[in-house]
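Participant: I'd like to ask some things about the structure below.
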Amino acid sequence: MTLHTILDPASLNQVPPGTCALGIMTKAPRAGEVKTRLVPPLSSNEAAEINACFLRDLSMSILQACNHAQAQGVGIYTPVGAEKSYESILPPEFVLIPQRGAGFGERIINATTDLFAVGFRSVCLINSDSPTVPSSSFAQAVIELAKPGDRVVLGPSDDGGYYLIGLKNMHRRMFEEIDWSTEHVLEQTKARAAEIKVEVCGLPGGFDVDDRVSLGRLCHELLNENTRSIVAPTTQQFLSRIIAREGRGRIWPT
């Protein structure tokens, strides 16, 4: 038994009618397997720990959004068998559904297909690299997808990708011929939407934390007295502990 309900794509109607999925694409936070571009300045164990912090902060923001809109938090996880890894990370209100497929494009298509299959009216896929996205952005995505007419919702990232994509219907074309993990993802995705004549609704921008430079930006937003953000408290505490123990030079040089 696990803390979280695990959805089965082969079974229909497992969620309340009219619910939007706010699903985080996540890999179990194991040392040496996640956030490897943050090593250095972080150690492999620290990289896994900060990944878990990102998930905790994102899931709490998603829960807050669910309080204001008809939505359900979902951990879209890999590998199968890692379910217990999330018991101390994701809130018990979250449900889980496994990823399947080889490359990222295949996994994101399958995740969208599976979430629609279990009964969600609309689906948002969210990356695990943007812990500072506020709950208001997730709530806005749910609201946009509840409006009449087909549409796609995109939360743009500063690196040319997106931290969220939301759909009312399964459009495989949105995920085809995309140069994943490049600065072209957002524009190529918009081009696919134009090609199939689906309206695009934009959310406020965000940024991914996946290298030394973006880690410095994260520190600036969460720890600088003049810019300190109220989001991502778990990540803020994690970074503060490192700096209190070793000084700021290793992760946030002046």
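As shown in the structure tokens, the chain order sets the letters A, B, ...; within each chain, residues go from 1, and ligands are also counted from 1 in the order they appear.
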So which bits of stretch 117-236 of chain A end up strand (DSSP E) when you DSSP the backbone, as a PyMOL selection string?
Facilitator: chain A and resi 122-126+151-156+162-167+199-202
Participant: Go ahead and save the residues from that selection, with N, CA, C and O atoms, as a CSV table (one decimal), in the first residue's frame.
Facilitator:
```
chain,number,residue,atom,x,y,z
A,122,SER,N,-9.9,18.4,-18.4
A,122,SER,CA,-8.7,19.2,-19.0
A,122,SER,C,-7.5,18.7,-18.3
A,122,SER,O,-7.5,18.2,-17.2
A,123,VAL,N,-6.3,19.0,-19.0
A,123,VAL,CA,-5.1,18.5,-18.5
A,123,VAL,C,-4.0,19.6,-18.5
A,123,VAL,O,-3.8,20.2,-19.6
A,124,CYS,N,-3.3,19.8,-17.4
A,124,CYS,CA,-2.1,20.6,-17.4
A,124,CYS,C,-0.9,19.8,-17.1
A,124,CYS,O,-0.9,19.1,-16.0
A,125,LEU,N,0.1,19.9,-17.9
A,125,LEU,CA,1.4,19.2,-17.5
A,125,LEU,C,2.4,20.3,-17.1
A,125,LEU,O,2.5,21.3,-17.8
A,126,ILE,N,3.0,20.1,-16.0
A,126,ILE,CA,3.9,21.1,-15.3
A,126,ILE,C,5.3,20.5,-15.1
A,126,ILE,O,5.4,19.4,-14.7
A,151,ARG,N,-8.9,25.3,-26.6
A,151,ARG,CA,-7.8,26.3,-26.4
A,151,ARG,C,-6.6,25.5,-25.8
A,151,ARG,O,-6.8,24.4,-25.3
A,152,VAL,N,-5.4,26.1,-25.9
A,152,VAL,CA,-4.2,25.6,-25.3
A,152,VAL,C,-3.7,26.7,-24.4
A,152,VAL,O,-3.7,27.9,-24.7
A,153,VAL,N,-3.2,26.3,-23.2
A,153,VAL,CA,-2.7,27.3,-22.2
A,153,VAL,C,-1.2,27.0,-22.1
A,153,VAL,O,-0.8,25.9,-22.0
A,154,LEU,N,-0.4,28.1,-22.2
A,154,LEU,CA,1.1,27.9,-22.1
A,154,LEU,C,1.6,28.9,-21.1
A,154,LEU,O,1.3,30.1,-21.1
A,155,GLY,N,2.5,28.4,-20.2
A,155,GLY,CA,3.2,29.2,-19.2
A,155,GLY,C,4.7,29.3,-19.7
A,155,GLY,O,5.4,28.3,-19.6
A,156,PRO,N,5.1,30.4,-20.3
A,156,PRO,CA,6.4,30.5,-20.9
A,156,PRO,C,7.5,30.5,-19.9
A,156,PRO,O,7.4,31.1,-18.8
A,162,TYR,N,8.5,26.0,-21.9
A,162,TYR,CA,7.4,26.4,-21.1
A,162,TYR,C,7.4,25.5,-19.8
A,162,TYR,O,7.9,24.4,-19.8
A,163,TYR,N,6.8,26.1,-18.7
A,163,TYR,CA,6.7,25.4,-17.5
A,163,TYR,C,5.4,24.7,-17.3
A,163,TYR,O,5.2,23.8,-16.5
A,164,LEU,N,4.4,25.1,-18.2
A,164,LEU,CA,3.1,24.5,-18.2
A,164,LEU,C,2.5,24.5,-19.6
A,164,LEU,O,2.6,25.5,-20.3
A,165,ILE,N,1.9,23.4,-19.9
A,165,ILE,CA,1.0,23.3,-21.1
A,165,ILE,C,-0.3,22.7,-20.7
A,165,ILE,O,-0.3,21.7,-20.0
A,166,GLY,N,-1.4,23.4,-21.0
A,166,GLY,CA,-2.7,22.9,-20.7
A,166,GLY,C,-3.6,22.7,-21.9
A,166,GLY,O,-3.5,23.5,-22.9
A,167,LEU,N,-4.3,21.6,-21.9
A,167,LEU,CA,-5.2,21.3,-23.1
A,167,LEU,C,-6.6,20.9,-22.6
A,167,LEU,O,-6.7,20.3,-21.6
A,199,GLU,N,-6.7,28.1,-30.3
A,199,GLU,CA,-6.3,29.4,-29.6
A,199,GLU,C,-5.3,29.1,-28.5
A,199,GLU,O,-5.4,28.1,-27.8
A,200,VAL,N,-4.3,30.0,-28.4
A,200,VAL,CA,-3.3,29.9,-27.3
A,200,VAL,C,-3.6,31.0,-26.3
A,200,VAL,O,-3.7,32.2,-26.6
A,201,CYS,N,-3.6,30.6,-25.0
A,201,CYS,CA,-3.7,31.6,-23.9
A,201,CYS,C,-2.4,31.5,-23.1
A,201,CYS,O,-2.0,30.5,-22.7
A,202,GLY,N,-1.9,32.7,-22.8
A,202,GLY,CA,-0.6,32.8,-22.1
A,202,GLY,C,-0.8,33.0,-20.6
A,202,GLY,O,-1.7,33.7,-20.2
```
Participant: Set the distance at 6 Å and use only C-alpha atoms: which residues neighbour stretch 75-85 of chain A once local chain neighbours fewer than 6 positions away are removed? I'd like the list as a PyMOL selection string.
Facilitator: chain A and resi 23-27+96-99
Participant: Could you dump the residues just selected with N, CA, C and O atoms as a CSV table (one decimal), in the first residue's frame?
Facilitator:
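Saved the output as part.csv:
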```
chain,number,residue,atom,x,y,z
A,23,GLY,N,-0.8,18.3,-13.3
A,23,GLY,CA,0.1,17.2,-13.1
A,23,GLY,C,1.6,17.6,-13.3
A,23,GLY,O,2.0,18.2,-14.3
A,24,ILE,N,2.4,17.2,-12.3
A,24,ILE,CA,3.8,17.5,-12.3
A,24,ILE,C,4.6,16.3,-13.0
A,24,ILE,O,4.4,15.2,-12.5
A,25,MET,N,5.3,16.6,-14.0
A,25,MET,CA,6.2,15.6,-14.7
A,25,MET,C,7.4,15.4,-13.8
A,25,MET,O,8.2,16.4,-13.6
A,26,THR,N,7.6,14.2,-13.2
A,26,THR,CA,8.6,14.1,-12.2
A,26,THR,C,9.3,12.8,-12.3
A,26,THR,O,8.7,11.7,-12.6
A,27,LYS,N,10.6,12.8,-12.1
A,27,LYS,CA,11.4,11.6,-11.9
A,27,LYS,C,11.8,11.5,-10.4
A,27,LYS,O,12.1,12.5,-9.8
A,96,LEU,N,-1.3,9.7,-8.1
A,96,LEU,CA,-0.1,9.4,-8.9
A,96,LEU,C,-0.6,8.7,-10.2
A,96,LEU,O,-1.6,8.0,-10.2
A,97,ILE,N,0.2,8.9,-11.2
A,97,ILE,CA,0.0,8.1,-12.5
A,97,ILE,C,1.4,7.9,-13.1
A,97,ILE,O,2.2,8.9,-13.1
A,98,PRO,N,1.7,6.7,-13.5
A,98,PRO,CA,3.1,6.5,-14.0
A,98,PRO,C,3.3,7.0,-15.4
A,98,PRO,O,2.4,7.1,-16.2
A,99,GLN,N,4.5,7.5,-15.7
A,99,GLN,CA,4.9,7.8,-17.0
A,99,GLN,C,5.2,6.5,-17.8
A,99,GLN,O,5.5,5.5,-17.2
```
Participant: May I ask which of the residues A:Ser137, A:Ser181, A:Asn169, A:Ser44 is the closest one to A:Ala65, counting only C-alpha atoms?
Facilitator: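 The answer is A:Ser137, which sits nearest to A:Ala65.
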Participant: Work out how far apart atom CA of A:Trp180 and atom CA of A:Ser135 are and give it in Å to one decimal.
Facilitator: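 Atom-to-atom, atom CA of A:Trp180 to atom CA of A:Ser135, that is 25.6 Å.
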Participant: Using only C-alpha atoms, can you tell me which of A:Ala69, A:His184, A:Pro9, A:Gly161 comes closest to A:Glu144?
Facilitator: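 With only C-alpha atoms as the atom set, the closest residue is A:Ala69.
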Participant: Which of these, A:Asp114, A:Glu187, A:Asp211, A:Asp8, has the shortest distance to A:Ala47 once you count only C-alpha atoms?
Facilitator: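 Closest residue, counting only C-alpha atoms: A:Asp211.
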Participant: Set the distance at 12 Å and use only C-alpha atoms: which residues neighbour A:His68 once local chain neighbours fewer than 2 positions away are removed? I'd like the list as a list of chain:residue names.
Facilitator: A:Ser61, A:Ile62, A:Leu63, A:Gln64, A:Ala65, A:Cys66, A:Gln70, A:Ala71, A:Gln72, A:Ser135, A:Ser136, A:Ser137, A:Phe138, A:Ala139, A:Gln140, A:Ala141, A:Val142, A:Ile143
Participant: Got time to write the residues from that selection, C-alpha atoms, as a PDB file, in the first residue's frame?
Facilitator:
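New file selection-v6.pdb:
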```pdb
ATOM      1  CA  SER A  61       1.178  25.905  -4.840  1.00  0.00           C
ATOM      2  CA  ILE A  62      -0.939  23.469  -6.841  1.00  0.00           C
ATOM      3  CA  LEU A  63      -2.980  22.570  -3.735  1.00  0.00           C
ATOM      4  CA  GLN A  64      -3.645  26.256  -3.151  1.00  0.00           C
ATOM      5  CA  ALA A  65      -4.872  26.551  -6.741  1.00  0.00           C
ATOM      6  CA  CYS A  66      -7.147  23.543  -6.207  1.00  0.00           C
ATOM      7  CA  GLN A  70     -12.007  22.403  -9.661  1.00  0.00           C
ATOM      8  CA  ALA A  71      -8.632  20.738 -10.060  1.00  0.00           C
ATOM      9  CA  GLN A  72      -6.622  17.762  -8.828  1.00  0.00           C
ATOM     10  CA  SER A 135      -0.433  29.286  -7.236  1.00  0.00           C
ATOM     11  CA  SER A 136      -2.242  32.095  -9.075  1.00  0.00           C
ATOM     12  CA  SER A 137      -0.714  30.946 -12.376  1.00  0.00           C
ATOM     13  CA  PHE A 138      -1.972  27.399 -11.879  1.00  0.00           C
ATOM     14  CA  ALA A 139      -5.421  28.667 -10.902  1.00  0.00           C
ATOM     15  CA  GLN A 140      -5.482  30.888 -13.996  1.00  0.00           C
ATOM     16  CA  ALA A 141      -4.676  27.884 -16.192  1.00  0.00           C
ATOM     17  CA  VAL A 142      -7.635  25.958 -14.755  1.00  0.00           C
ATOM     18  CA  ILE A 143      -9.956  28.932 -15.261  1.00  0.00           C
TER      19      ILE A 143
END
```
Participant: Each residue of stretch 67-179 of chain A with at least one atom at most 8 Å from stretch 227-250 of chain A should appear once, together with its nearest atom pair and the corresponding distance in Å (one decimal); atoms considered: only C-alpha atoms; ordering: chain, then increasing residue number; output as JSON lines.
Facilitator:
```
{"residue": "A:Pro131", "atom": "CA", "partner": "A:Ala232", "partner_atom": "CA", "distance": 5.8}
{"residue": "A:Thr132", "atom": "CA", "partner": "A:Val231", "partner_atom": "CA", "distance": 5.7}
{"residue": "A:Val133", "atom": "CA", "partner": "A:Val231", "partner_atom": "CA", "distance": 7.6}
{"residue": "A:Pro134", "atom": "CA", "partner": "A:Val231", "partner_atom": "CA", "distance": 6.5}
```
Participant: Can you write out the residues you just picked, keeping N, CA, C and O atoms, as a PDB file, in the first residue's frame?
Facilitator:
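Listing of again_19.pdb after writing:
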```
ATOM      1  N   PRO A 131      10.175  26.168  -9.294  1.00  0.00           N
ATOM      2  CA  PRO A 131       9.507  26.206  -7.985  1.00  0.00           C
ATOM      3  C   PRO A 131       8.910  27.553  -7.625  1.00  0.00           C
ATOM      4  O   PRO A 131       8.108  27.639  -6.693  1.00  0.00           O
ATOM      5  N   THR A 132       9.264  28.627  -8.341  1.00  0.00           N
ATOM      6  CA  THR A 132       8.771  29.956  -7.979  1.00  0.00           C
ATOM      7  C   THR A 132       7.478  30.342  -8.693  1.00  0.00           C
ATOM      8  O   THR A 132       6.979  31.443  -8.500  1.00  0.00           O
ATOM      9  N   VAL A 133       6.941  29.459  -9.525  1.00  0.00           N
ATOM     10  CA  VAL A 133       5.652  29.759 -10.157  1.00  0.00           C
ATOM     11  C   VAL A 133       4.587  29.820  -9.065  1.00  0.00           C
ATOM     12  O   VAL A 133       4.427  28.876  -8.291  1.00  0.00           O
ATOM     13  N   PRO A 134       3.828  30.909  -8.969  1.00  0.00           N
ATOM     14  CA  PRO A 134       2.852  31.050  -7.889  1.00  0.00           C
ATOM     15  C   PRO A 134       1.576  30.265  -8.154  1.00  0.00           C
ATOM     16  O   PRO A 134       1.269  29.912  -9.302  1.00  0.00           O
TER      17      PRO A 134
END
```
Participant: Using only C-alpha atoms, pick whichever of A:Ser128, A:Thr5, A:Val118, A:Glu93 has the shortest atom-to-atom distance to A:Asp57.
Facilitator: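 Residue with the minimum atom-to-atom distance to A:Asp57: A:Ser128.
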Participant: Please, which residues of stretch 118-249 of chain A, numbered as in this document, come out alpha helix (DSSP H) from DSSP, as a PyMOL selection string?
Facilitator: chain A and resi 135-146+185-195+212-223+233-246
Participant: Can you write just those residues out, C-alpha atoms, as a compact mmCIF listing (two decimals), in the first residue's frame?
Facilitator:
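The resulting file, out.txt, is shown below:
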```
# COMPACT_ATOMS: atom_id res chain seq x y z
CA SER A 135 -0.43 29.29 -7.24
CA SER A 136 -2.24 32.09 -9.08
CA SER A 137 -0.71 30.95 -12.38
CA PHE A 138 -1.97 27.40 -11.88
CA ALA A 139 -5.42 28.67 -10.90
CA GLN A 140 -5.48 30.89 -14.00
CA ALA A 141 -4.68 27.88 -16.19
CA VAL A 142 -7.64 25.96 -14.75
CA ILE A 143 -9.96 28.93 -15.26
CA GLU A 144 -8.86 29.41 -18.89
CA LEU A 145 -9.42 25.74 -19.66
CA ALA A 146 -12.93 25.88 -18.16
CA VAL A 185 10.20 24.68 -27.75
CA LEU A 186 7.76 27.51 -27.00
CA GLU A 187 7.73 28.97 -30.51
CA GLN A 188 7.46 25.54 -32.13
CA THR A 189 4.56 24.71 -29.81
CA LYS A 190 2.78 27.94 -30.74
CA ALA A 191 3.35 27.09 -34.39
CA ARG A 192 1.71 23.70 -33.91
CA ALA A 193 -1.31 25.40 -32.29
CA ALA A 194 -1.60 27.80 -35.24
CA GLU A 195 -1.30 24.87 -37.63
CA ARG A 212 24.64 27.21 -12.04
CA VAL A 213 23.38 30.49 -13.51
CA SER A 214 19.69 29.80 -12.86
CA LEU A 215 20.55 28.56 -9.36
CA GLY A 216 22.11 31.96 -8.69
CA ARG A 217 18.95 33.64 -9.95
CA LEU A 218 16.89 31.44 -7.65
CA CYS A 219 19.05 32.43 -4.68
CA HIS A 220 18.63 36.09 -5.58
CA GLU A 221 14.84 35.80 -5.74
CA LEU A 222 14.47 33.76 -2.55
CA LEU A 223 17.26 35.05 -0.32
CA PRO A 233 9.55 28.25 1.22
CA THR A 234 10.99 24.72 1.34
CA THR A 235 13.57 25.55 -1.33
CA GLN A 236 14.36 28.81 0.46
CA GLN A 237 15.07 26.94 3.68
CA PHE A 238 17.27 24.41 1.90
CA LEU A 239 19.40 27.13 0.30
CA SER A 240 19.57 29.09 3.55
CA ARG A 241 20.95 26.06 5.38
CA ILE A 242 23.79 25.65 2.89
CA ILE A 243 24.71 29.32 3.13
CA ALA A 244 24.51 29.32 6.94
CA ARG A 245 26.80 26.29 7.04
CA GLU A 246 29.33 27.21 4.33
```
